[in-house]
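Quick look at model09.cif (mmCIF, C-alpha atoms):
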```
data_model
loop_
_atom_site.label_atom_id
_atom_site.label_comp_id
_atom_site.auth_asym_id
_atom_site.auth_seq_id
_atom_site.Cartn_x
_atom_site.Cartn_y
_atom_site.Cartn_z
CA MET V 1099 -7.06 -141.95 46.19
CA LYS V 1100 -3.39 -141.42 45.40
CA ILE V 1101 -0.43 -143.77 45.09
CA GLY V 1102 3.09 -142.41 45.55
CA VAL V 1103 6.25 -143.82 43.98
CA PRO V 1104 9.51 -142.48 45.46
CA LYS V 1105 12.98 -142.75 44.01
CA GLU V 1106 14.83 -145.67 45.63
CA ARG V 1107 17.87 -144.57 47.62
CA ALA V 1108 19.23 -147.84 49.00
CA ALA V 1109 22.73 -148.82 47.94
CA HIS V 1110 22.91 -150.88 44.74
CA GLU V 1111 19.20 -150.30 44.05
CA ARG V 1112 18.27 -149.26 40.51
CA ARG V 1113 14.69 -150.51 40.31
CA VAL V 1114 11.49 -148.48 40.56
CA ALA V 1115 8.11 -149.59 41.91
CA ALA V 1116 5.95 -148.39 39.01
CA THR V 1117 6.35 -148.13 35.25
CA PRO V 1118 4.40 -146.14 32.66
CA GLU V 1119 2.53 -149.36 31.85
CA THR V 1120 1.32 -149.84 35.43
CA VAL V 1121 0.61 -146.11 35.84
CA LYS V 1122 -1.90 -146.36 32.99
CA LYS V 1123 -3.57 -149.34 34.66
CA LEU V 1124 -3.64 -147.64 38.04
CA LYS V 1125 -5.31 -144.65 36.44
CA ALA V 1126 -7.86 -147.01 34.93
CA LEU V 1127 -8.63 -148.21 38.48
CA GLY V 1128 -9.47 -144.62 39.37
CA VAL V 1129 -6.24 -143.96 41.26
CA ASP V 1130 -3.98 -140.93 40.82
CA VAL V 1131 -0.24 -141.57 40.76
CA LEU V 1132 2.54 -139.34 42.11
CA VAL V 1133 6.07 -140.17 40.94
CA GLU V 1134 9.17 -138.52 42.37
CA ALA V 1135 11.29 -136.78 39.75
CA GLY V 1136 14.04 -139.08 38.51
CA ALA V 1137 12.54 -142.20 40.10
CA GLY V 1138 12.85 -144.19 36.88
CA ALA V 1139 16.12 -142.73 35.59
CA SER V 1140 18.29 -145.63 36.76
CA CYS V 1141 16.20 -148.07 34.74
CA ASP V 1142 15.88 -145.87 31.65
CA ILE V 1143 12.40 -144.46 32.28
CA ALA V 1144 12.26 -140.72 31.70
CA ASP V 1145 9.89 -138.54 33.74
CA GLN V 1146 8.04 -137.56 30.57
CA LEU V 1147 7.03 -141.19 30.00
CA TYR V 1148 5.31 -141.20 33.38
CA VAL V 1149 3.60 -137.92 32.53
CA ASP V 1150 2.42 -139.33 29.20
CA ALA V 1151 0.96 -142.30 31.09
CA GLY V 1152 -1.02 -139.98 33.37
CA ALA V 1153 1.21 -139.60 36.42
CA GLU V 1154 2.12 -136.37 38.17
CA ILE V 1155 5.83 -135.74 38.72
CA VAL V 1156 6.56 -134.36 42.18
CA PRO V 1157 9.87 -132.89 43.39
CA ASP V 1158 10.75 -134.82 46.54
CA PRO V 1159 9.88 -137.71 48.90
CA ALA V 1160 7.71 -135.48 51.08
CA ALA V 1161 5.39 -134.87 48.15
CA VAL V 1162 5.32 -138.60 47.35
CA PHE V 1163 4.47 -139.53 50.94
CA ALA V 1164 1.47 -137.24 50.80
CA ALA V 1165 -0.21 -140.10 48.91
CA ASP V 1166 -2.59 -142.58 50.52
CA ILE V 1167 -0.52 -145.58 49.40
CA VAL V 1168 3.25 -145.66 48.89
CA PHE V 1169 4.92 -148.24 46.65
CA LYS V 1170 8.49 -149.17 47.54
CA VAL V 1171 11.05 -151.61 46.17
CA LYS V 1172 13.15 -151.73 49.36
CA ARG V 1173 12.13 -150.89 52.92
CA PRO V 1174 12.01 -147.17 53.86
CA ASP V 1175 15.13 -145.49 55.17
CA GLU V 1176 15.10 -143.25 58.25
CA SER V 1177 14.13 -140.13 56.34
CA GLU V 1178 11.22 -141.94 54.69
CA MET V 1179 10.09 -143.46 58.00
CA ALA V 1180 9.75 -139.93 59.35
CA LEU V 1181 7.28 -139.19 56.56
CA LEU V 1182 4.95 -142.13 57.27
CA ARG V 1183 1.69 -141.07 58.86
CA GLU V 1184 -1.30 -142.64 60.54
CA GLY V 1185 -3.42 -144.78 58.21
CA GLN V 1186 -0.96 -144.56 55.32
CA VAL V 1187 -0.46 -147.77 53.37
CA LEU V 1188 3.06 -148.95 52.61
CA VAL V 1189 3.61 -151.79 50.13
CA GLY V 1190 6.98 -153.27 49.22
CA GLN V 1191 9.75 -155.71 50.04
CA LEU V 1192 10.16 -154.71 53.67
CA ASP V 1193 12.47 -157.55 54.81
CA PRO V 1194 10.68 -157.83 58.17
CA TYR V 1195 12.50 -160.90 59.49
CA MET V 1196 15.82 -159.11 59.36
CA ASN V 1197 14.36 -155.78 60.51
CA LYS V 1198 11.91 -156.59 63.30
CA ASP V 1199 12.53 -153.24 64.98
CA GLN V 1200 11.23 -151.53 61.86
CA VAL V 1201 8.01 -153.54 62.06
CA GLN V 1202 7.48 -152.01 65.50
CA ALA V 1203 8.28 -148.62 64.00
CA TYR V 1204 5.52 -149.03 61.39
CA ALA V 1205 3.15 -149.77 64.26
CA GLY V 1206 4.42 -146.72 66.11
CA ARG V 1207 3.58 -144.56 63.12
CA LYS V 1208 0.18 -146.33 62.83
CA ALA V 1209 0.99 -147.13 59.19
CA VAL V 1210 -0.62 -150.05 57.36
CA ALA V 1211 2.42 -151.97 56.14
CA PHE V 1212 2.45 -154.89 53.72
CA ALA V 1213 5.58 -157.01 53.14
CA LEU V 1214 5.10 -158.71 49.80
CA GLU V 1215 7.85 -161.28 50.34
CA LEU V 1216 5.48 -162.87 52.90
CA LEU V 1217 2.83 -163.50 50.24
CA PRO V 1218 1.34 -167.00 50.61
CA ARG V 1219 2.43 -169.32 47.81
CA THR V 1220 -0.96 -169.98 46.25
CA THR V 1221 -2.18 -170.09 42.68
CA ARG V 1222 -4.08 -166.85 43.22
CA GLY V 1223 -0.98 -165.12 44.55
CA GLN V 1224 1.34 -166.00 41.67
CA ALA V 1225 0.76 -162.74 39.80
CA MET V 1226 1.82 -160.82 42.94
CA ASP V 1227 4.83 -162.96 43.85
CA VAL V 1228 7.72 -160.52 43.99
CA LEU V 1229 10.19 -163.15 45.20
CA SER V 1230 9.60 -165.32 42.14
CA SER V 1231 9.65 -162.51 39.59
CA GLN V 1232 12.90 -161.07 40.93
CA ALA V 1233 14.57 -164.44 41.59
CA ASN V 1234 13.90 -165.48 38.02
CA LEU V 1235 15.92 -162.55 36.73
CA ALA V 1236 18.61 -163.01 39.38
CA GLY V 1237 19.08 -166.63 38.33
CA TYR V 1238 19.50 -165.62 34.71
CA LYS V 1239 21.90 -162.78 35.51
CA SER V 1240 23.96 -164.96 37.86
CA VAL V 1241 25.09 -167.09 34.92
CA LEU V 1242 26.07 -164.03 32.91
CA ASP V 1243 27.91 -162.55 35.88
CA ALA V 1244 29.80 -165.79 36.48
CA LEU V 1245 30.73 -166.02 32.82
CA GLU V 1246 32.11 -162.49 32.97
CA HIS V 1247 34.75 -163.75 35.39
CA TYR V 1248 35.31 -167.13 33.74
CA THR V 1249 38.24 -166.97 31.34
CA ARG V 1250 37.32 -170.03 29.30
CA VAL V 1251 34.24 -170.74 27.15
CA MET V 1252 30.82 -172.05 28.11
CA PRO V 1253 29.89 -174.34 25.17
CA MET V 1254 31.91 -177.11 23.59
CA MET V 1255 33.62 -175.80 20.48
CA MET V 1256 34.90 -178.07 17.71
CA THR V 1257 37.52 -176.40 15.51
CA ALA V 1258 40.15 -177.42 12.99
CA ALA V 1259 42.71 -176.97 15.74
CA GLY V 1260 40.86 -179.30 18.08
CA THR V 1261 37.97 -179.34 20.53
CA VAL V 1262 37.39 -177.01 23.48
CA THR V 1263 35.37 -178.80 26.13
CA ALA V 1264 32.18 -177.32 27.59
CA ALA V 1265 32.22 -175.70 31.00
CA LYS V 1266 30.87 -177.68 33.93
CA VAL V 1267 28.31 -175.64 35.88
CA PHE V 1268 27.00 -176.71 39.29
CA VAL V 1269 23.89 -174.94 40.63
CA MET V 1270 23.24 -175.28 44.35
CA GLY V 1271 19.59 -174.71 45.18
CA ALA V 1272 16.84 -175.37 42.64
CA GLY V 1273 14.24 -172.80 43.60
CA VAL V 1274 13.14 -170.15 41.12
CA ALA V 1275 16.61 -168.58 40.81
CA GLY V 1276 18.37 -171.92 40.63
CA LEU V 1277 16.08 -173.34 37.96
CA GLN V 1278 16.53 -170.24 35.83
CA ALA V 1279 20.31 -170.49 36.28
CA ILE V 1280 20.16 -174.13 35.16
CA ALA V 1281 18.10 -173.26 32.09
CA THR V 1282 20.36 -170.35 31.16
CA ALA V 1283 23.58 -172.33 31.55
CA ARG V 1284 22.11 -175.16 29.50
CA ARG V 1285 21.09 -172.77 26.71
CA MET V 1286 24.66 -171.47 26.67
CA GLY V 1287 26.01 -174.97 26.13
CA ALA V 1288 27.33 -175.89 29.58
CA VAL V 1289 27.24 -179.31 31.17
CA VAL V 1290 24.97 -178.63 34.13
CA THR V 1291 24.49 -180.42 37.43
CA ALA V 1292 22.43 -179.22 40.37
CA THR V 1293 21.46 -180.05 43.92
CA ASP V 1294 18.65 -179.28 46.35
CA VAL V 1295 17.14 -180.96 49.39
CA ARG V 1296 13.47 -180.60 48.44
CA PRO V 1297 11.77 -183.71 47.02
CA ALA V 1298 10.22 -181.83 44.08
CA ALA V 1299 13.59 -180.45 43.00
CA LYS V 1300 15.00 -183.68 41.58
CA GLU V 1301 12.36 -183.90 38.86
CA GLU V 1302 12.50 -180.16 38.16
CA ILE V 1303 16.27 -180.35 37.66
CA ALA V 1304 15.95 -183.32 35.31
CA SER V 1305 13.18 -181.60 33.33
CA LEU V 1306 15.67 -178.87 32.38
CA GLY V 1307 18.25 -181.34 31.13
CA ALA V 1308 20.57 -181.14 34.13
CA LYS V 1309 21.81 -183.98 36.31
CA PHE V 1310 20.81 -184.17 39.96
CA VAL V 1311 23.62 -184.49 42.52
CA GLY V 1312 23.13 -185.08 46.25
CA PHE V 1313 20.52 -186.63 48.50
CA ILE V 1314 17.08 -185.57 49.72
CA PRO V 1315 16.36 -185.91 53.46
CA GLU V 1316 12.91 -186.95 54.62
CA GLY V 1317 10.56 -184.01 55.10
CA ALA V 1318 13.09 -181.57 53.67
CA ALA V 1319 10.55 -179.03 52.41
CA THR V 1320 8.41 -176.69 54.52
CA ALA V 1321 4.68 -176.23 54.04
CA GLY V 1322 5.45 -173.09 52.01
CA GLY V 1323 7.64 -175.02 49.59
CA TYR V 1324 10.97 -173.71 50.91
CA ALA V 1325 13.83 -175.89 52.06
CA ARG V 1326 13.98 -176.33 55.83
CA ALA V 1327 17.19 -176.10 57.82
CA LEU V 1328 19.07 -179.41 57.75
CA THR V 1329 20.07 -181.32 60.86
CA PRO V 1330 23.82 -181.56 61.59
CA GLU V 1331 23.81 -185.15 60.32
CA GLU V 1332 22.05 -184.15 57.10
CA GLN V 1333 24.43 -181.25 56.63
CA ALA V 1334 27.40 -183.56 56.96
CA LYS V 1335 25.99 -185.97 54.38
CA GLN V 1336 25.20 -183.18 51.93
CA LYS V 1337 28.66 -181.64 52.35
CA GLU V 1338 30.27 -185.00 51.68
CA VAL V 1339 28.43 -185.38 48.39
CA VAL V 1340 29.04 -181.76 47.36
CA ALA V 1341 32.72 -181.84 48.29
CA ASP V 1342 33.34 -184.80 46.04
CA HIS V 1343 31.49 -183.20 43.13
CA ILE V 1344 32.55 -179.56 43.38
CA LYS V 1345 36.27 -180.11 42.88
CA ASN V 1346 35.69 -180.91 39.21
CA GLN V 1347 33.38 -177.97 38.47
CA ASP V 1348 34.28 -174.82 36.53
CA ILE V 1349 31.42 -172.58 37.69
CA VAL V 1350 29.36 -172.90 40.86
CA ILE V 1351 26.24 -170.81 41.51
CA THR V 1352 24.73 -170.89 44.99
CA THR V 1353 21.13 -169.77 45.51
CA ALA V 1354 20.03 -171.21 48.87
CA LEU V 1355 18.00 -168.96 51.17
CA ILE V 1356 15.89 -169.75 54.25
CA PRO V 1357 13.30 -167.02 55.01
CA GLY V 1358 14.03 -165.25 58.26
CA ARG V 1359 17.41 -166.86 58.78
CA LYS V 1360 21.02 -166.39 57.80
CA ALA V 1361 21.84 -168.12 54.52
CA PRO V 1362 23.22 -171.64 55.04
CA VAL V 1363 26.88 -172.25 54.23
CA LEU V 1364 27.04 -174.70 51.34
CA VAL V 1365 30.60 -174.22 50.11
CA THR V 1366 33.39 -174.38 52.68
CA GLU V 1367 36.92 -173.03 52.39
CA ALA V 1368 38.13 -176.59 51.93
CA MET V 1369 35.79 -177.05 48.97
CA VAL V 1370 37.04 -173.81 47.43
CA ALA V 1371 40.62 -174.96 47.89
CA SER V 1372 39.83 -178.21 46.06
CA MET V 1373 38.68 -176.42 42.89
CA LYS V 1374 40.87 -175.71 39.88
CA PRO V 1375 42.46 -172.26 39.47
CA GLY V 1376 40.31 -170.22 37.11
CA SER V 1377 37.06 -171.62 38.51
CA VAL V 1378 34.30 -169.19 39.51
CA ILE V 1379 31.79 -169.31 42.37
CA LEU V 1380 28.89 -166.86 42.36
CA ASP V 1381 27.10 -166.44 45.70
CA LEU V 1382 23.56 -165.18 45.16
CA ALA V 1383 22.95 -165.27 48.92
CA VAL V 1384 25.89 -163.02 49.80
CA GLU V 1385 23.69 -160.24 51.24
CA THR V 1386 22.14 -162.57 53.84
CA GLY V 1387 25.36 -164.06 55.12
CA GLY V 1388 26.42 -166.02 52.06
CA ASN V 1389 26.37 -169.66 50.97
CA VAL V 1390 30.13 -169.56 50.44
CA GLU V 1391 32.76 -169.18 53.13
CA GLY V 1392 34.83 -166.14 52.29
CA SER V 1393 32.33 -164.41 49.99
CA ALA V 1394 31.95 -160.65 50.50
CA VAL V 1395 29.22 -158.24 49.46
CA GLY V 1396 30.24 -156.26 46.39
CA GLU V 1397 33.63 -157.95 46.05
CA VAL V 1398 35.38 -160.59 43.97
CA VAL V 1399 37.49 -162.56 46.43
CA VAL V 1400 40.25 -164.72 44.93
CA LYS V 1401 41.40 -167.80 46.86
CA ASN V 1402 43.89 -170.23 45.38
CA GLY V 1403 43.05 -168.88 41.94
CA VAL V 1404 39.28 -169.41 42.46
CA LYS V 1405 37.12 -166.30 42.11
CA ILE V 1406 34.24 -165.90 44.59
CA VAL V 1407 31.82 -163.30 43.22
CA GLY V 1408 29.55 -161.48 45.68
CA ASN V 1409 27.46 -159.14 43.53
CA PRO V 1410 24.69 -157.54 45.64
CA ASN V 1411 21.08 -157.14 44.53
CA VAL V 1412 21.52 -159.10 41.32
CA ALA V 1413 17.96 -158.55 40.07
CA SER V 1414 18.60 -154.80 40.18
CA ARG V 1415 21.46 -155.32 37.72
CA LEU V 1416 18.66 -155.90 35.19
CA ALA V 1417 16.70 -152.90 36.42
CA PRO V 1418 14.41 -152.26 33.43
CA ALA V 1419 13.17 -155.85 33.26
CA ALA V 1420 13.11 -156.24 37.05
CA SER V 1421 11.08 -153.04 37.44
CA LEU V 1422 8.66 -154.13 34.74
CA LEU V 1423 7.85 -157.36 36.59
CA TYR V 1424 7.95 -155.89 40.09
CA ALA V 1425 5.62 -153.05 39.13
CA ARG V 1426 3.14 -155.58 37.74
CA ASN V 1427 3.32 -157.54 40.99
CA LEU V 1428 2.44 -154.38 42.95
CA LEU V 1429 -0.33 -153.47 40.53
CA ASN V 1430 -1.92 -156.89 40.96
CA PHE V 1431 -1.65 -156.67 44.74
CA VAL V 1432 -3.08 -153.17 45.06
CA THR V 1433 -6.25 -154.24 43.23
CA LEU V 1434 -7.05 -156.08 46.48
CA LEU V 1435 -6.94 -152.75 48.34
CA VAL V 1436 -9.06 -150.60 46.02
CA ASP V 1437 -12.84 -150.85 46.27
CA LYS V 1438 -14.22 -151.25 42.76
CA GLU V 1439 -17.28 -149.11 43.48
CA THR V 1440 -16.02 -146.28 45.67
CA LYS V 1441 -12.37 -146.37 44.49
CA GLY V 1442 -11.47 -146.00 48.16
CA LEU V 1443 -9.14 -148.04 50.35
CA VAL V 1444 -10.35 -151.37 51.73
CA VAL V 1445 -8.28 -153.81 53.81
CA ASN V 1446 -10.03 -157.17 53.98
CA ARG V 1447 -8.34 -159.23 56.68
CA GLU V 1448 -10.41 -162.24 55.60
CA ASP V 1449 -8.43 -162.39 52.36
CA GLU V 1450 -5.53 -164.82 52.82
CA LEU V 1451 -3.23 -162.69 50.67
CA ILE V 1452 -3.93 -159.59 52.76
CA LYS V 1453 -3.63 -161.47 56.04
CA GLY V 1454 -0.42 -163.17 54.95
CA THR V 1455 1.38 -159.94 54.06
CA GLN V 1456 0.00 -157.30 56.45
CA LEU V 1457 2.42 -156.41 59.24
CA THR V 1458 0.65 -153.53 61.00
CA ASP V 1459 -2.64 -151.65 60.97
CA ALA V 1460 -3.86 -148.11 61.57
CA THR V 1461 -4.54 -148.73 65.25
CA GLY V 1462 -0.82 -149.14 65.90
CA ALA V 1463 -1.02 -152.92 66.27
CA VAL V 1464 1.31 -155.52 64.82
CA VAL V 1465 -1.17 -157.92 63.20
CA HIS V 1466 1.07 -160.53 61.58
CA ASP V 1467 1.41 -163.58 63.82
CA ALA V 1468 5.14 -163.97 63.11
CA PHE V 1469 5.95 -160.50 64.48
CA LYS V 1470 3.45 -159.88 67.30
CA SER V 1471 6.02 -160.75 69.94
CA ALA V 1472 8.99 -159.23 68.11
#
```

Whole structure given in structure tokens:
Amino acid sequence: MKIGVPKERAAHERRVAATPETVKKLKALGVDVLVEAGAGASCDIADQLYVDAGAEIVPDPAAVFAADIVFKVKRPDESEMALLREGQVLVGQLDPYMNKDQVQAYAGRKAVAFALELLPRTTRGQAMDVLSSQANLAGYKSVLDALEHYTRVMPMMMTAAGTVTAAKVFVMGAGVAGLQAIATARRMGAVVTATDVRPAAKEEIASLGAKFVGFIPEGAATAGGYARALTPEEQAKQKEVVADHIKNQDIVITTALIPGRKAPVLVTEAMVASMKPGSVILDLAVETGGNVEGSAVGEVVVKNGVKIVGNPNVASRLAPAASLLYARNLLNFVTLLVDKETKGLVVNREDELIKGTQLTDATGAVVHDAFKSA
């Protein structure tokens, strides 16, 4: 059996779906690995390193898609879709909620597609959780990106000429990315506050040395551990609390996402206008509609002296580390698809991790309940 790893061609994407480390482990599983030439160049992995690990370097996507299984970071583009064939396995972050037509296209090609962002949040699935591994890095990088645009200092500094006060950082959303942002800002000496609507978040925020701000509605978390959409009344209450707090903050980092839906607006234009000139807001959700009114993908928008930073694909800005973790996630997942005895492909629909991520099968059917009627 062969696994193919193409070069990612999506805008702002620098990651790769396999590293020399995971190639070695795939070879140990009895799998051959095809890597497109230059696939790892944007995250500092030379082709020769893949060769040394046991991979074969192939010249183009067509050669990669000759493999039985294809690893992707982002969903296939049109040219890659044309290369998918019946029975071929596709594994990656396929963003199916925002691209339901493409789910039907996988079925039309009779490909066996797995969207790893749908992975059930179980203890067994943690080692395959691409959302967590990438969000962790995005949360860390968000603080560094915000600091790049902040013209003052993060920690309190006591000098002979007087004291420079610490920056006040407000993190909105305390999921994986938010908690990492809190921890990073704290390590850098900021005074950190944070908010979330999930009951578990209050203790998690406090455990990192930050102060909780806001209120937690009843039943605010979904069964999967994500925040649910707030009612209009709950939104109004949350905005009232945030509006009063945000005007005194130096840096705001927003991280709130709801799977399958546009990102909720957390910071209004009025809130931005209330902040001091020189303040910075970094919108980690900018690619899915944005948590901040006025944020724009790939731009730094300045309003009343406040900078709103909309860096896309933040995890990819740390491509070597992000690829390292993502490739391990894929390696752990693909072990579920390789028969230990025959080294052939096996898709066990009784496995909750397989069932939770599989979109389509080789008969041309959409098998995931959330997309059957898409």

**Prompt:** Within 10 Å of V:Gly1307, counting only C-alpha atoms, which residues qualify if same-chain residues fewer than 6 places away don't, as an MDAnalysis selection string?
**Reply:** chainID V and resid 1280:1281 1284 1289:1291

**Item:** Output check: residues returned by the PyMOL selection byres ((chain V and resi 1130-1144) around 8), as number ranges by chain
**Value:** V: 1099-1106, 1112-1114, 1117, 1121, 1124-1125, 1128-1129, 1145-1148, 1152-1159, 1161-1162, 1165, 1417-1418, 1421

Limited to C-alpha atoms, could you put the picked residues into a file as a PDB file, in the coordinates of the input?
```pdb
ATOM      1  CA  MET V1099      -7.060-141.950  46.190  1.00  0.00           C
ATOM      2  CA  LYS V1100      -3.390-141.420  45.400  1.00  0.00           C
ATOM      3  CA  ILE V1101      -0.430-143.770  45.090  1.00  0.00           C
ATOM      4  CA  GLY V1102       3.090-142.410  45.550  1.00  0.00           C
ATOM      5  CA  VAL V1103       6.250-143.820  43.980  1.00  0.00           C
ATOM      6  CA  PRO V1104       9.510-142.480  45.460  1.00  0.00           C
ATOM      7  CA  LYS V1105      12.980-142.750  44.010  1.00  0.00           C
ATOM      8  CA  GLU V1106      14.830-145.670  45.630  1.00  0.00           C
ATOM      9  CA  ARG V1112      18.270-149.260  40.510  1.00  0.00           C
ATOM     10  CA  ARG V1113      14.690-150.510  40.310  1.00  0.00           C
ATOM     11  CA  VAL V1114      11.490-148.480  40.560  1.00  0.00           C
ATOM     12  CA  THR V1117       6.350-148.130  35.250  1.00  0.00           C
ATOM     13  CA  VAL V1121       0.610-146.110  35.840  1.00  0.00           C
ATOM     14  CA  LEU V1124      -3.640-147.640  38.040  1.00  0.00           C
ATOM     15  CA  LYS V1125      -5.310-144.650  36.440  1.00  0.00           C
ATOM     16  CA  GLY V1128      -9.470-144.620  39.370  1.00  0.00           C
ATOM     17  CA  VAL V1129      -6.240-143.960  41.260  1.00  0.00           C
ATOM     18  CA  ASP V1145       9.890-138.540  33.740  1.00  0.00           C
ATOM     19  CA  GLN V1146       8.040-137.560  30.570  1.00  0.00           C
ATOM     20  CA  LEU V1147       7.030-141.190  30.000  1.00  0.00           C
ATOM     21  CA  TYR V1148       5.310-141.200  33.380  1.00  0.00           C
ATOM     22  CA  GLY V1152      -1.020-139.980  33.370  1.00  0.00           C
ATOM     23  CA  ALA V1153       1.210-139.600  36.420  1.00  0.00           C
ATOM     24  CA  GLU V1154       2.120-136.370  38.170  1.00  0.00           C
ATOM     25  CA  ILE V1155       5.830-135.740  38.720  1.00  0.00           C
ATOM     26  CA  VAL V1156       6.560-134.360  42.180  1.00  0.00           C
ATOM     27  CA  PRO V1157       9.870-132.890  43.390  1.00  0.00           C
ATOM     28  CA  ASP V1158      10.750-134.820  46.540  1.00  0.00           C
ATOM     29  CA  PRO V1159       9.880-137.710  48.900  1.00  0.00           C
ATOM     30  CA  ALA V1161       5.390-134.870  48.150  1.00  0.00           C
ATOM     31  CA  VAL V1162       5.320-138.600  47.350  1.00  0.00           C
ATOM     32  CA  ALA V1165      -0.210-140.100  48.910  1.00  0.00           C
ATOM     33  CA  ALA V1417      16.700-152.900  36.420  1.00  0.00           C
ATOM     34  CA  PRO V1418      14.410-152.260  33.430  1.00  0.00           C
ATOM     35  CA  SER V1421      11.080-153.040  37.440  1.00  0.00           C
TER      36      SER V1421
END
```

**Request:** Could you tell me which residues the PyMOL selection byres ((chain V and resi 1406) around 7) returns for this structure, as a PyMOL selection string?
**Result:** chain V and resi 1378-1380+1393+1398-1400+1404-1405+1407-1408

**Request:** Take the PyMOL selection byres ((chain V and resi 1272) around 8), apply it to the structure above, and return the hits as an MDAnalysis selection string.
**Result:** chainID V and resid 1269:1271 1273:1277 1292:1294 1299 1302:1303 1353

**Request:** Can you pull out every residue within 9 Å of stretch 1231-1238 of chain V, counting all atoms listed in the file, but drop anything in the same chain fewer than 2 positions away, and send it as a PyMOL selection string?
**Result:** chain V and resi 1225-1229+1240-1242+1273-1283+1351+1353+1382+1411-1416+1419-1421+1423-1424+1427

**Request:** In Å, rounded to a single decimal, give me how far atom CA of V:Pro1194 is from atom CA of V:Thr1433.
**Result:**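 According to the coordinates, atom CA of V:Thr1433 and atom CA of V:Pro1194 are separated by 22.9 Å.
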
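If all atoms listed in the file are the atoms counted, then among V:Tyr1195, V:Ala1368, V:Lys1345, V:Gly1206 the closest residue to V:Val1267 is V:Lys1345.
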
**Message:** Excluding V:Val1464 and its own-chain neighbours fewer than 6 positions away, which residues fall within 8 Å of it when counting all atoms listed in the file? Please give them as a list of chain:residue names.
**Reply:**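 Result of the neighbour search: V:Val1201, V:Gln1202, V:Ala1205, V:Leu1457, V:Thr1458, V:Lys1470.
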
**Message:** Report, in Å to a single decimal, how far apart atom CA of V:Phe1212 and atom CA of V:Leu1182 are.
**Reply:** 13.5 Å

**Item:** Interatomic distance, atom CA of V:Val1189 to atom CA of V:Ala1151 (Å, one decimal)
**Value:**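 About the pair atom CA of V:Val1189 and atom CA of V:Ala1151: they are 21.4 Å apart.
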
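Using all atoms listed in the file, the shortest contact distance between V:Phe1169 and any of V:Glu1301, V:Val1295, V:Asn1446, V:Phe1431 is found at V:Phe1431.
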
Would you mind putting N, CA and C atoms back on stretch 1435-1446 of chain V and writing the result as a tab-separated table (two decimals), in the frame of the given file?
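This is the output file selection_7.tsv:
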```
chain	number	residue	atom	x	y	z
V	1435	LEU	N	-6.77	-153.83	47.37
V	1435	LEU	CA	-6.94	-152.75	48.34
V	1435	LEU	C	-7.82	-151.62	47.85
V	1436	VAL	N	-8.24	-151.67	46.59
V	1436	VAL	CA	-9.06	-150.60	46.02
V	1436	VAL	C	-10.48	-151.10	45.80
V	1437	ASP	N	-11.44	-150.48	46.45
V	1437	ASP	CA	-12.84	-150.85	46.27
V	1437	ASP	C	-13.29	-150.50	44.85
V	1438	LYS	N	-13.86	-151.46	44.16
V	1438	LYS	CA	-14.22	-151.25	42.76
V	1438	LYS	C	-15.33	-150.22	42.59
V	1439	GLU	N	-16.17	-150.06	43.59
V	1439	GLU	CA	-17.28	-149.11	43.48
V	1439	GLU	C	-16.88	-147.70	43.92
V	1440	THR	N	-16.33	-147.60	45.11
V	1440	THR	CA	-16.02	-146.28	45.67
V	1440	THR	C	-14.64	-145.77	45.29
V	1441	LYS	N	-13.77	-146.68	44.81
V	1441	LYS	CA	-12.37	-146.37	44.49
V	1441	LYS	C	-11.58	-146.00	45.75
V	1442	GLY	N	-12.16	-146.29	46.91
V	1442	GLY	CA	-11.47	-146.00	48.16
V	1442	GLY	C	-10.68	-147.20	48.66
V	1443	LEU	N	-9.98	-147.00	49.77
V	1443	LEU	CA	-9.14	-148.04	50.35
V	1443	LEU	C	-9.98	-149.04	51.14
V	1444	VAL	N	-9.70	-150.32	50.95
V	1444	VAL	CA	-10.35	-151.37	51.73
V	1444	VAL	C	-9.31	-152.42	52.08
V	1445	VAL	N	-9.23	-152.79	53.36
V	1445	VAL	CA	-8.28	-153.81	53.81
V	1445	VAL	C	-9.10	-154.96	54.39
V	1446	ASN	N	-9.22	-156.02	53.60
V	1446	ASN	CA	-10.03	-157.17	53.98
V	1446	ASN	C	-9.16	-158.24	54.64
```
